[in-house]
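This is run-v1.pdb (PDB, C-alpha atoms).
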MODEL        1
ATOM      1  CA  MET J   1       0.000   0.000   0.000
ATOM      2  CA  LYS J   2       2.838   2.410   0.796
ATOM      3  CA  ASP J   3       4.129   2.148  -2.794
ATOM      4  CA  ILE J   4       1.101   3.915  -4.290
ATOM      5  CA  LEU J   5       1.930   7.554  -5.038
ATOM      6  CA  VAL J   6      -0.973   9.982  -4.710
ATOM      7  CA  SER J   7      -0.755  13.340  -6.495
ATOM      8  CA  ILE J   8      -2.773  16.062  -4.786
ATOM      9  CA  VAL J   9      -3.575  18.897  -7.209
ATOM     10  CA  ILE J  10      -4.526  22.330  -5.841
ATOM     11  CA  PRO J  11      -5.562  25.303  -8.021
ATOM     12  CA  VAL J  12      -4.318  28.421  -6.230
ATOM     13  CA  TYR J  13      -5.644  31.933  -6.738
ATOM     14  CA  ASN J  14      -5.414  34.787  -4.207
ATOM     15  CA  SER J  15      -5.581  32.410  -1.252
ATOM     16  CA  GLU J  16      -2.748  33.518   1.023
ATOM     17  CA  ARG J  17      -5.121  33.436   4.033
ATOM     18  CA  SER J  18      -6.715  30.017   3.487
ATOM     19  CA  LEU J  19      -3.859  28.148   1.777
ATOM     20  CA  PRO J  20      -1.749  27.476   4.919
ATOM     21  CA  LYS J  21      -4.603  25.564   6.582
ATOM     22  CA  CYS J  22      -5.095  23.550   3.404
ATOM     23  CA  LEU J  23      -1.388  22.730   3.059
ATOM     24  CA  ASP J  24      -0.977  21.941   6.761
ATOM     25  CA  SER J  25      -3.720  19.331   6.471
ATOM     26  CA  LEU J  26      -1.918  17.734   3.508
ATOM     27  CA  ILE J  27       1.696  17.674   4.655
ATOM     28  CA  GLY J  28       0.378  16.305   7.956
ATOM     29  CA  GLN J  29      -1.253  13.287   6.274
ATOM     30  CA  THR J  30      -0.562   9.962   7.983
ATOM     31  CA  TYR J  31       0.020   8.532   4.493
ATOM     32  CA  LYS J  32       3.383   9.923   3.393
ATOM     33  CA  ASN J  33       3.783   8.854  -0.256
ATOM     34  CA  ILE J  34       2.195  11.953  -1.747
ATOM     35  CA  GLU J  35       3.126  14.912  -3.898
ATOM     36  CA  ILE J  36       1.280  18.201  -3.461
ATOM     37  CA  ILE J  37       1.134  20.118  -6.745
ATOM     38  CA  CYS J  38       0.117  23.748  -6.258
ATOM     39  CA  VAL J  39      -0.723  25.524  -9.511
ATOM     40  CA  ASN J  40      -0.554  29.282  -8.963
ATOM     41  CA  ASP J  41      -2.954  30.917 -11.420
ATOM     42  CA  CYS J  42      -1.466  34.438 -11.542
ATOM     43  CA  SER J  43      -2.375  35.296  -7.936
ATOM     44  CA  LYS J  44      -2.151  38.982  -7.083
ATOM     45  CA  ASP J  45      -1.467  38.380  -3.386
ATOM     46  CA  CYS J  46       1.312  36.432  -1.647
ATOM     47  CA  SER J  47      -0.001  32.953  -2.503
ATOM     48  CA  LYS J  48       3.135  32.105  -4.497
ATOM     49  CA  ALA J  49       5.348  33.047  -1.538
ATOM     50  CA  VAL J  50       3.254  30.802   0.736
ATOM     51  CA  ILE J  51       3.808  27.846  -1.632
ATOM     52  CA  GLU J  52       7.547  28.545  -1.836
ATOM     53  CA  ALA J  53       7.780  28.693   1.959
ATOM     54  CA  TYR J  54       6.040  25.318   2.289
ATOM     55  CA  HIS J  55       8.271  23.828  -0.437
ATOM     56  CA  ALA J  56      11.315  24.949   1.562
ATOM     57  CA  LYS J  57       9.969  22.960   4.540
ATOM     58  CA  ASP J  58       8.696  19.932   2.584
ATOM     59  CA  SER J  59       9.927  19.016  -0.899
ATOM     60  CA  ARG J  60       6.668  17.137  -1.592
ATOM     61  CA  VAL J  61       5.062  20.563  -2.088
ATOM     62  CA  LYS J  62       5.641  21.601  -5.701
ATOM     63  CA  LEU J  63       4.882  24.828  -7.562
ATOM     64  CA  ILE J  64       3.631  25.358 -11.099
ATOM     65  CA  ASP J  65       3.468  29.084 -11.766
ATOM     66  CA  HIS J  66       1.145  30.246 -14.544
ATOM     67  CA  LYS J  67       2.129  33.203 -16.687
ATOM     68  CA  GLU J  68      -1.470  33.656 -17.848
ATOM     69  CA  ASN J  69      -4.746  33.024 -16.069
ATOM     70  CA  LYS J  70      -6.482  29.726 -16.931
ATOM     71  CA  ASN J  71      -9.063  29.550 -14.122
ATOM     72  CA  ALA J  72      -9.538  26.408 -12.019
ATOM     73  CA  GLY J  73     -10.006  24.121 -15.031
ATOM     74  CA  GLY J  74      -6.690  25.040 -16.612
ATOM     75  CA  THR J  75      -4.801  24.817 -13.329
ATOM     76  CA  ARG J  76      -6.219  21.362 -12.603
ATOM     77  CA  ASN J  77      -5.323  20.161 -16.105
ATOM     78  CA  ASP J  78      -1.734  21.338 -15.752
ATOM     79  CA  GLY J  79      -1.469  19.711 -12.331
ATOM     80  CA  ILE J  80      -2.895  16.403 -13.608
ATOM     81  CA  LYS J  81      -0.515  16.402 -16.602
ATOM     82  CA  ALA J  82       2.498  17.119 -14.370
ATOM     83  CA  ALA J  83       1.498  14.535 -11.763
ATOM     84  CA  LYS J  84       3.464  11.320 -11.344
ATOM     85  CA  GLY J  85       1.003   9.572  -9.050
ATOM     86  CA  HIS J  86      -1.147   6.518  -9.692
ATOM     87  CA  TYR J  87      -4.064   8.495  -8.245
ATOM     88  CA  ILE J  88      -5.116  12.130  -8.533
ATOM     89  CA  CYS J  89      -6.764  13.849  -5.569
ATOM     90  CA  LEU J  90      -8.299  17.258  -6.324
ATOM     91  CA  VAL J  91      -8.386  19.768  -3.469
ATOM     92  CA  ASP J  92      -9.504  23.413  -3.515
ATOM     93  CA  ASN J  93      -7.217  26.010  -1.943
ATOM     94  CA  ASP J  94      -9.700  27.058   0.765
ATOM     95  CA  ASP J  95     -10.633  23.501   1.800
ATOM     96  CA  TRP J  96      -8.778  20.906   3.859
ATOM     97  CA  MET J  97      -8.714  17.174   4.590
ATOM     98  CA  ALA J  98      -8.727  15.015   7.713
ATOM     99  CA  PHE J  99      -5.179  13.884   8.566
ATOM    100  CA  ASN J 100      -6.055  10.216   7.914
ATOM    101  CA  ALA J 101      -7.921  10.930   4.657
ATOM    102  CA  ILE J 102      -5.385   9.715   2.082
ATOM    103  CA  GLU J 103      -4.440   6.678   4.173
ATOM    104  CA  SER J 104      -8.119   5.684   4.498
ATOM    105  CA  LEU J 105      -8.753   6.112   0.766
ATOM    106  CA  VAL J 106      -5.618   4.229  -0.318
ATOM    107  CA  ALA J 107      -6.439   1.393   2.098
ATOM    108  CA  ALA J 108      -9.806   0.992   0.346
ATOM    109  CA  SER J 109      -8.271   1.007  -3.132
ATOM    110  CA  LEU J 110      -7.442  -2.737  -3.258
ATOM    111  CA  GLU J 111      -3.764  -1.934  -3.878
ATOM    112  CA  GLY J 112      -4.540   0.540  -6.646
ATOM    113  CA  LYS J 113      -7.029  -1.590  -8.585
ATOM    114  CA  GLU J 114      -9.993   0.737  -8.021
ATOM    115  CA  ASP J 115     -10.577   3.520 -10.565
ATOM    116  CA  LEU J 116     -12.321   5.709  -7.978
ATOM    117  CA  VAL J 117     -12.216   5.786  -4.185
ATOM    118  CA  VAL J 118     -14.762   8.042  -2.495
ATOM    119  CA  GLY J 119     -15.051   9.482   0.997
ATOM    120  CA  ASP J 120     -17.896  11.517   2.444
ATOM    121  CA  TRP J 121     -17.452  15.233   3.106
ATOM    122  CA  ILE J 122     -18.310  17.986   5.537
ATOM    123  CA  ASN J 123     -20.114  21.119   4.412
ATOM    124  CA  TYR J 124     -18.318  23.533   6.745
ATOM    125  CA  TYR J 125     -19.550  26.987   7.748
ATOM    126  CA  SER J 126     -17.979  27.321  11.216
ATOM    127  CA  SER J 127     -16.853  25.134  14.100
ATOM    128  CA  ASP J 128     -20.426  24.996  15.397
ATOM    129  CA  LYS J 129     -22.209  24.993  12.035
ATOM    130  CA  TYR J 130     -21.533  22.158   9.594
ATOM    131  CA  THR J 131     -23.250  19.166   8.018
ATOM    132  CA  ILE J 132     -21.937  15.735   7.032
ATOM    133  CA  VAL J 133     -22.879  14.828   3.459
ATOM    134  CA  ALA J 134     -22.900  11.330   1.954
ATOM    135  CA  ASN J 135     -21.040  11.157  -1.347
ATOM    136  CA  TYR J 136     -22.056   7.634  -2.369
ATOM    137  CA  PRO J 137     -25.284   5.608  -2.698
ATOM    138  CA  ASN J 138     -26.293   3.024  -0.097
ATOM    139  CA  LYS J 139     -26.517   0.325  -2.754
ATOM    140  CA  ASP J 140     -23.242  -0.352  -4.573
ATOM    141  CA  ASP J 141     -23.983  -1.112  -8.233
ATOM    142  CA  SER J 142     -23.658   0.807 -11.508
ATOM    143  CA  LYS J 143     -27.355   1.655 -11.819
ATOM    144  CA  ALA J 144     -27.552   2.981  -8.245
ATOM    145  CA  PHE J 145     -24.326   4.955  -8.754
ATOM    146  CA  THR J 146     -25.575   6.586 -11.984
ATOM    147  CA  ASP J 147     -28.894   7.381 -10.324
ATOM    148  CA  PHE J 148     -27.134   8.924  -7.313
ATOM    149  CA  ILE J 149     -24.743  11.213  -9.194
ATOM    150  CA  CYS J 150     -27.464  12.463 -11.559
ATOM    151  CA  ARG J 151     -30.106  13.077  -8.884
ATOM    152  CA  LYS J 152     -28.138  13.910  -5.733
ATOM    153  CA  GLY J 153     -24.941  15.383  -7.113
ATOM    154  CA  PHE J 154     -21.346  14.412  -6.356
ATOM    155  CA  ARG J 155     -18.091  16.095  -5.308
ATOM    156  CA  LEU J 156     -14.925  15.112  -7.141
ATOM    157  CA  LEU J 157     -12.926  16.936  -4.491
ATOM    158  CA  GLY J 158     -11.101  14.726  -2.018
ATOM    159  CA  CYS J 159     -11.610  11.493  -3.989
ATOM    160  CA  LEU J 160      -8.895   9.306  -5.475
ATOM    161  CA  ILE J 161      -9.270   9.120  -9.256
ATOM    162  CA  LYS J 162      -6.931   6.919 -11.263
ATOM    163  CA  ARG J 163      -4.783   9.307 -13.312
ATOM    164  CA  SER J 164      -5.027   7.179 -16.461
ATOM    165  CA  ILE J 165      -8.825   7.725 -16.634
ATOM    166  CA  PHE J 166      -8.369  11.393 -17.575
ATOM    167  CA  PHE J 167      -6.123  10.470 -20.511
ATOM    168  CA  GLU J 168      -7.831   7.278 -21.681
ATOM    169  CA  PHE J 169     -11.207   9.003 -22.112
ATOM    170  CA  ASP J 170      -9.875  12.484 -22.989
ATOM    171  CA  LEU J 171     -11.657  14.090 -20.051
ATOM    172  CA  PHE J 172      -9.975  17.326 -19.066
ATOM    173  CA  PHE J 173     -11.534  20.443 -17.603
ATOM    174  CA  PRO J 174     -12.484  23.325 -19.905
ATOM    175  CA  GLU J 175     -10.130  26.261 -19.322
ATOM    176  CA  ARG J 176     -10.764  29.947 -18.625
ATOM    177  CA  ILE J 177     -14.327  29.204 -17.646
ATOM    178  CA  PHE J 178     -16.421  28.868 -14.474
ATOM    179  CA  TYR J 179     -18.415  25.726 -13.508
ATOM    180  CA  GLU J 180     -15.719  23.625 -15.158
ATOM    181  CA  ASP J 181     -16.669  20.585 -13.046
ATOM    182  CA  ASN J 182     -20.073  20.420 -14.772
ATOM    183  CA  ALA J 183     -18.469  19.629 -18.125
ATOM    184  CA  ILE J 184     -16.621  16.440 -17.183
ATOM    185  CA  GLY J 185     -17.629  15.438 -13.644
ATOM    186  CA  ILE J 186     -20.395  12.914 -14.377
ATOM    187  CA  PRO J 187     -18.730  11.416 -17.507
ATOM    188  CA  LEU J 188     -15.487  11.018 -15.541
ATOM    189  CA  LEU J 189     -17.282   9.207 -12.737
ATOM    190  CA  LEU J 190     -19.145   6.938 -15.147
ATOM    191  CA  CYS J 191     -15.822   5.962 -16.761
ATOM    192  CA  CYS J 192     -14.667   4.654 -13.364
ATOM    193  CA  GLU J 193     -15.997   1.100 -13.468
ATOM    194  CA  ASN J 194     -14.282  -0.116 -10.286
ATOM    195  CA  ARG J 195     -15.216   1.948  -7.233
ATOM    196  CA  ALA J 196     -14.852   1.886  -3.466
ATOM    197  CA  HIS J 197     -16.390   3.984  -0.702
ATOM    198  CA  VAL J 198     -15.036   4.980   2.697
ATOM    199  CA  ASN J 199     -18.101   5.689   4.803
ATOM    200  CA  ILE J 200     -16.609   8.501   6.878
ATOM    201  CA  PRO J 201     -16.228  12.251   6.207
ATOM    202  CA  LEU J 202     -12.688  13.001   5.056
ATOM    203  CA  TYR J 203     -12.957  16.287   3.158
ATOM    204  CA  TYR J 204     -13.901  19.692   4.594
ATOM    205  CA  TYR J 205     -15.617  21.912   2.043
ATOM    206  CA  SER J 206     -15.392  25.537   3.150
ATOM    207  CA  ASN J 207     -18.490  27.662   2.507
ATOM    208  CA  SER J 208     -16.703  30.975   2.262
ATOM    209  CA  ILE J 209     -18.241  34.300   1.291
ATOM    210  CA  ASP J 210     -15.115  34.772  -0.837
ATOM    211  CA  SER J 211     -15.954  31.731  -2.970
ATOM    212  CA  VAL J 212     -15.416  32.373  -6.699
ATOM    213  CA  THR J 213     -18.963  31.189  -7.454
ATOM    214  CA  GLY J 214     -20.501  33.089  -4.558
ATOM    215  CA  PHE J 215     -22.241  35.780  -6.640
ATOM    216  CA  THR J 216     -24.005  35.884  -9.999
ATOM    217  CA  THR J 217     -22.601  37.591 -13.107
ATOM    218  CA  PHE J 218     -23.439  37.198 -16.770
ATOM    219  CA  LYS J 219     -20.014  35.639 -17.453
ATOM    220  CA  LYS J 220     -20.548  32.934 -14.813
ATOM    221  CA  THR J 221     -24.105  32.247 -15.941
ATOM    222  CA  GLU J 222     -23.041  32.030 -19.587
ATOM    223  CA  ASP J 223     -20.263  29.631 -18.577
ATOM    224  CA  ARG J 224     -22.794  27.497 -16.735
ATOM    225  CA  PHE J 225     -24.826  27.251 -19.953
ATOM    226  CA  HIS J 226     -21.743  26.312 -21.995
ATOM    227  CA  THR J 227     -20.514  23.672 -19.518
ATOM    228  CA  THR J 228     -23.976  22.079 -19.480
ATOM    229  CA  ASN J 229     -23.690  21.741 -23.270
ATOM    230  CA  MET J 230     -20.177  20.289 -22.852
ATOM    231  CA  LEU J 231     -21.579  17.770 -20.374
ATOM    232  CA  GLU J 232     -24.181  16.650 -22.927
ATOM    233  CA  TYR J 233     -21.466  16.347 -25.594
ATOM    234  CA  ASN J 234     -19.241  14.201 -23.363
ATOM    235  CA  LEU J 235     -22.098  11.940 -22.274
ATOM    236  CA  ARG J 236     -23.053  11.351 -25.925
ATOM    237  CA  ARG J 237     -19.437  10.930 -27.069
ATOM    238  CA  LEU J 238     -18.803   8.235 -24.461
ATOM    239  CA  GLY J 239     -22.110   6.440 -25.025
ATOM    240  CA  PHE J 240     -23.602   7.153 -21.592
ATOM    241  CA  ILE J 241     -27.016   8.298 -22.848
ATOM    242  CA  THR J 242     -29.036   5.129 -23.346
ATOM    243  CA  ALA J 243     -32.690   4.195 -23.756
ATOM    244  CA  GLU J 244     -32.601   2.900 -20.183
ATOM    245  CA  ASN J 245     -31.368   6.106 -18.539
ATOM    246  CA  LYS J 246     -32.644   8.757 -20.975
ATOM    247  CA  GLU J 247     -35.317  10.090 -18.594
ATOM    248  CA  LEU J 248     -32.770  10.295 -15.763
ATOM    249  CA  ILE J 249     -30.345  12.224 -17.994
ATOM    250  CA  ASN J 250     -33.175  14.503 -19.147
ATOM    251  CA  TYR J 251     -34.008  15.187 -15.493
ATOM    252  CA  LEU J 252     -30.377  16.176 -14.945
ATOM    253  CA  PHE J 253     -30.509  18.650 -17.840
ATOM    254  CA  ILE J 254     -33.876  20.012 -16.697
ATOM    255  CA  ARG J 255     -32.371  20.765 -13.295
ATOM    256  CA  LEU J 256     -29.203  22.365 -14.697
ATOM    257  CA  ASN J 257     -31.071  24.529 -17.215
ATOM    258  CA  CYS J 258     -33.669  25.616 -14.635
ATOM    259  CA  GLN J 259     -30.842  26.774 -12.372
ATOM    260  CA  THR J 260     -29.249  28.686 -15.251
ATOM    261  CA  LEU J 261     -32.535  30.380 -16.157
ATOM    262  CA  ASN J 262     -33.074  31.384 -12.534
ATOM    263  CA  MET J 263     -29.580  32.949 -12.469
ATOM    264  CA  LEU J 264     -30.292  34.817 -15.714
ATOM    265  CA  SER J 265     -33.421  36.361 -14.210
ATOM    266  CA  MET J 266     -31.131  38.234 -11.777
ATOM    267  CA  ILE J 267     -29.205  39.908 -14.620
ATOM    268  CA  HIS J 268     -31.008  42.547 -16.646
ATOM    269  CA  SER J 269     -29.331  43.061 -19.999
ATOM    270  CA  LEU J 270     -29.885  42.336 -23.674
ATOM    271  CA  LYS J 271     -27.209  39.619 -23.533
ATOM    272  CA  SER J 272     -28.940  37.839 -20.659
ATOM    273  CA  PHE J 273     -32.287  38.029 -22.490
ATOM    274  CA  ARG J 274     -30.787  36.428 -25.607
ATOM    275  CA  LEU J 275     -29.159  33.661 -23.586
ATOM    276  CA  ALA J 276     -32.399  33.100 -21.648
ATOM    277  CA  ASN J 277     -34.156  32.529 -24.966
ATOM    278  CA  LEU J 278     -31.675  29.728 -25.782
ATOM    279  CA  VAL J 279     -32.144  28.145 -22.348
ATOM    280  CA  CYS J 280     -35.946  28.316 -22.709
ATOM    281  CA  LYS J 281     -35.707  26.551 -26.077
ATOM    282  CA  LYS J 282     -33.729  23.758 -24.446
ATOM    283  CA  LEU J 283     -36.201  23.438 -21.579
ATOM    284  CA  SER J 284     -39.119  23.365 -24.019
ATOM    285  CA  LYS J 285     -37.636  20.185 -25.514
ATOM    286  CA  LEU J 286     -37.144  18.579 -22.072
ATOM    287  CA  ASN J 287     -40.652  17.552 -21.142
ATOM    288  CA  PRO J 288     -41.404  16.759 -17.482
ATOM    289  CA  ASN J 289     -40.915  13.037 -16.768
ATOM    290  CA  ILE J 290     -41.112  10.532 -13.899
ATOM    291  CA  TYR J 291     -38.261  12.266 -12.061
ATOM    292  CA  SER J 292     -39.623  15.803 -12.375
ATOM    293  CA  SER J 293     -41.658  15.524  -9.170
ATOM    294  CA  GLU J 294     -38.337  15.543  -7.285
ATOM    295  CA  LEU J 295     -37.647  19.069  -8.471
ATOM    296  CA  ASP J 296     -38.400  21.940  -6.148
ATOM    297  CA  GLY J 297     -41.880  23.297  -6.960
ATOM    298  CA  PHE J 298     -40.189  26.483  -8.137
ATOM    299  CA  PHE J 299     -38.189  24.544 -10.759
ATOM    300  CA  GLN J 300     -41.222  22.468 -11.730
ATOM    301  CA  ARG J 301     -42.978  25.683 -12.737
ATOM    302  CA  ILE J 302     -39.941  26.791 -14.754
ATOM    303  CA  ASN J 303     -39.822  23.423 -16.501
ATOM    304  CA  ARG J 304     -43.513  23.575 -17.453
ATOM    305  CA  HIS J 305     -43.535  27.243 -18.513
ATOM    306  CA  PRO J 306     -39.932  28.398 -19.128
ATOM    307  CA  TYR J 307     -40.668  31.608 -21.066
ATOM    308  CA  TRP J 308     -43.357  32.919 -18.719
ATOM    309  CA  SER J 309     -41.329  31.879 -15.662
ATOM    310  CA  TYR J 310     -38.293  33.803 -16.891
ATOM    311  CA  ILE J 311     -40.359  36.954 -17.524
ATOM    312  CA  LEU J 312     -42.039  36.804 -14.096
ATOM    313  CA  LEU J 313     -38.768  36.060 -12.297
ATOM    314  CA  SER J 314     -37.034  38.944 -14.088
ATOM    315  CA  ILE J 315     -39.810  41.374 -13.120
ATOM    316  CA  ARG J 316     -39.668  40.260  -9.483
ATOM    317  CA  GLN J 317     -35.877  40.598  -9.381
ATOM    318  CA  PHE J 318     -36.062  44.050 -10.971
ATOM    319  CA  LEU J 319     -38.714  45.247  -8.514
ATOM    320  CA  SER J 320     -36.758  43.905  -5.554
ATOM    321  CA  LYS J 321     -33.700  45.903  -6.661
ATOM    322  CA  ILE J 322     -35.789  49.075  -6.874
ATOM    323  CA  LYS J 323     -37.090  48.498  -3.329
ATOM    324  CA  VAL J 324     -33.561  48.005  -1.993
ATOM    325  CA  ARG J 325     -32.503  51.321  -3.512
TER     326      ARG J 325
ENDMDL
END
Take the structure in the file and write it out as structure tokens.
Amino acid sequence: MKDILVSIVIPVYNSERSLPKCLDSLIGQTYKNIEIICVNDCSKDCSKAVIEAYHAKDSRVKLIDHKENKNAGGTRNDGIKAAKGHYICLVDNDDWMAFNAIESLVAASLEGKEDLVVGDWINYYSSDKYTIVANYPNKDDSKAFTDFICRKGFRLLGCLIKRSIFFEFDLFFPERIFYEDNAIGIPLLLCCENRAHVNIPLYYYSNSIDSVTGFTTFKKTEDRFHTTNMLEYNLRRLGFITAENKELINYLFIRLNCQTLNMLSMIHSLKSFRLANLVCKKLSKLNPNIYSSELDGFFQRINRHPYWSYILLSIRQFLSKIKVR
């Protein structure tokens, strides 16, 4: 077990305050055969100096320094391509892991035979406000796994993913774009045929007000639309849309497009109106199905009447802004 090298890839951007806690949790891992690849994405603060200071203390900490900004997707790609490990573990620069996390995941990997090893995670707000979230279905088979990731969602962060999967199926993150996980997350997971689950929380996901996706802009909403289209392309390319799961996949796209349309209603511009028209056209082709009852009532209404829902939501958002002023 000790021979398996794990490459931990961290996109770093303006995180001088949170990065030390993240790195401390990684260099303190009980499992020692790791490399920690920090990809500095043109940070404007002292993040690069923090990485260099940690490298001076522990040579397992390595720096890739971008000369141009590539966003989280590009930094992860460069880290994955530079990695030497059998497994990749993706970690965000404001999150951290339990000290026994990598050891627990490697122990469950059947000496590196598993394509994916999953731990649960903690949605962390403060020391007295957090929730433990299951990241795996109760029943361990392919149908249950597909159902879980499409209906409940899944976090790639903190898992062990066999490095060869990224290359074999040509699944890399889109660069210079937000919501990059949406484009490849589910296809990547479905390509992992052999899986294991550690039924304890190992990853701490920080709900920070400084989160890059913490507020809505047209750029982010447009990127969400594009990455949803990339997701559909990858699922079709890899043959994961079948007659058996078509309604489940349609439910997934209903949910993603409803969320995008809701975000667009908060942005009042000609560009957002044009994009909303494209999203409405997509939703009009995704008829409610057996899974639609699981949607929040709010999203059910959007799914049934996308154009009218967008207009009403936009008016409400506009009026609320006037009241605030």
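The interatomic distance for the pair CA of Ser265 in chain J and CA of Glu294 in chain J works out to 22.5 Å.
One distance worth recording is that between CA of Phe178 in chain J and CA of His226 in chain J, which is 9.6 Å.
We find CA of Pro306 in chain J and CA of Thr146 in chain J to be spaced 27.1 Å apart.
For the residues J:Cys89, J:Ile186, J:Cys159, J:Ala72, ranking by smallest atom-to-atom distance to Ile36 in chain J using only C-alpha atoms places J:Cys89 first.
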Residues at most 9 Å from Ile241 in chain J, counting all atoms listed in the file, excluding those fewer than 6 positions away in the same chain, as an MDAnalysis selection string? chainID J and resid 232 235 249
Can you tell me, as a ChimeraX atom specification, what residues are no more than 8 Å from Ile80 in chain J when counting only C-alpha atoms, ignoring any on the same chain fewer than 3 positions away? /J:9,76-77,83,88,163
As a check of understanding, name the residues that the PyMOL selection byres ((chain J and resi 203) around 12) selects in the supplied structure, as JSON, numbers by chain. {"J": [22, 25, 26, 89, 90, 91, 92, 94, 95, 96, 97, 98, 99, 100, 101, 102, 104, 105, 118, 119, 120, 121, 122, 123, 124, 131, 132, 133, 134, 135, 155, 156, 157, 158, 159, 160, 198, 199, 200, 201, 202, 204, 205, 206]}
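On the file presented, the PyMOL selection byres ((chain J and resi 245) around 12) picks out Ser142, Lys143, Ala144, Thr146, Asp147, Cys150, Arg151, Leu235, Gly239, Phe240, Ile241, Thr242, Ala243, Glu244, Lys246, Glu247, Leu248, Ile249, Asn250, Tyr251, Leu252, Asn289, Ile290 and Tyr291 of chain J.
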Residues within 8 Å of range 16-18 of chain J, please, as number ranges by chain. Count all atoms listed in the file; anything in the same chain fewer than 5 positions from it doesn't count. J: 45-47, 50, 93-95
Write a file of the selected residues as an mmCIF file, in the frame of the given file, keeping C-alpha atoms.
data_model
loop_
_atom_site.group_PDB
_atom_site.id
_atom_site.type_symbol
_atom_site.label_atom_id
_atom_site.label_comp_id
_atom_site.auth_asym_id
_atom_site.auth_seq_id
_atom_site.Cartn_x
_atom_site.Cartn_y
_atom_site.Cartn_z
ATOM 1 C CA ASP J 45 -1.467 38.380 -3.386
ATOM 2 C CA CYS J 46 1.312 36.432 -1.647
ATOM 3 C CA SER J 47 -0.001 32.953 -2.503
ATOM 4 C CA VAL J 50 3.254 30.802 0.736
ATOM 5 C CA ASN J 93 -7.217 26.010 -1.943
ATOM 6 C CA ASP J 94 -9.700 27.058 0.765
ATOM 7 C CA ASP J 95 -10.633 23.501 1.800
#
Atoms added to range 110-123 of chain J (N, CA and C atoms), reported as an mmCIF file, keeping the file's coordinate frame:
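Everything below was put into result_11.cif:
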data_model
loop_
_atom_site.group_PDB
_atom_site.id
_atom_site.type_symbol
_atom_site.label_atom_id
_atom_site.label_comp_id
_atom_site.auth_asym_id
_atom_site.auth_seq_id
_atom_site.Cartn_x
_atom_site.Cartn_y
_atom_site.Cartn_z
ATOM 1 N N LEU J 110 -7.834 -1.386 -2.830
ATOM 2 C CA LEU J 110 -7.442 -2.737 -3.258
ATOM 3 C C LEU J 110 -6.105 -2.696 -3.997
ATOM 4 N N GLU J 111 -5.128 -2.054 -3.341
ATOM 5 C CA GLU J 111 -3.764 -1.934 -3.878
ATOM 6 C C GLU J 111 -3.737 -1.283 -5.261
ATOM 7 N N GLY J 112 -4.569 -0.252 -5.426
ATOM 8 C CA GLY J 112 -4.540 0.540 -6.646
ATOM 9 C C GLY J 112 -5.396 0.015 -7.773
ATOM 10 N N LYS J 113 -6.203 -1.011 -7.515
ATOM 11 C CA LYS J 113 -7.029 -1.590 -8.585
ATOM 12 C C LYS J 113 -8.309 -0.795 -8.843
ATOM 13 N N GLU J 114 -8.765 -0.034 -7.854
ATOM 14 C CA GLU J 114 -9.993 0.737 -8.021
ATOM 15 C C GLU J 114 -9.725 1.974 -8.878
ATOM 16 N N ASP J 115 -10.689 2.297 -9.752
ATOM 17 C CA ASP J 115 -10.577 3.520 -10.565
ATOM 18 C C ASP J 115 -10.925 4.761 -9.750
ATOM 19 N N LEU J 116 -11.816 4.589 -8.769
ATOM 20 C CA LEU J 116 -12.321 5.709 -7.978
ATOM 21 C C LEU J 116 -12.509 5.263 -6.535
ATOM 22 N N VAL J 117 -11.988 6.053 -5.609
ATOM 23 C CA VAL J 117 -12.216 5.786 -4.185
ATOM 24 C C VAL J 117 -12.802 7.057 -3.571
ATOM 25 N N VAL J 118 -13.954 6.904 -2.930
ATOM 26 C CA VAL J 118 -14.762 8.042 -2.495
ATOM 27 C C VAL J 118 -14.873 8.079 -0.978
ATOM 28 N N GLY J 119 -14.729 9.257 -0.410
ATOM 29 C CA GLY J 119 -15.051 9.482 0.997
ATOM 30 C C GLY J 119 -16.202 10.464 1.097
ATOM 31 N N ASP J 120 -16.853 10.518 2.237
ATOM 32 C CA ASP J 120 -17.896 11.517 2.444
ATOM 33 C C ASP J 120 -17.243 12.858 2.775
ATOM 34 N N TRP J 121 -18.029 13.914 2.886
ATOM 35 C CA TRP J 121 -17.452 15.233 3.106
ATOM 36 C C TRP J 121 -18.276 16.040 4.092
ATOM 37 N N ILE J 122 -17.667 17.101 4.568
ATOM 38 C CA ILE J 122 -18.310 17.986 5.537
ATOM 39 C C ILE J 122 -18.513 19.354 4.903
ATOM 40 N N ASN J 123 -19.765 19.784 4.876
ATOM 41 C CA ASN J 123 -20.114 21.119 4.412
ATOM 42 C C ASN J 123 -19.892 22.066 5.596
#
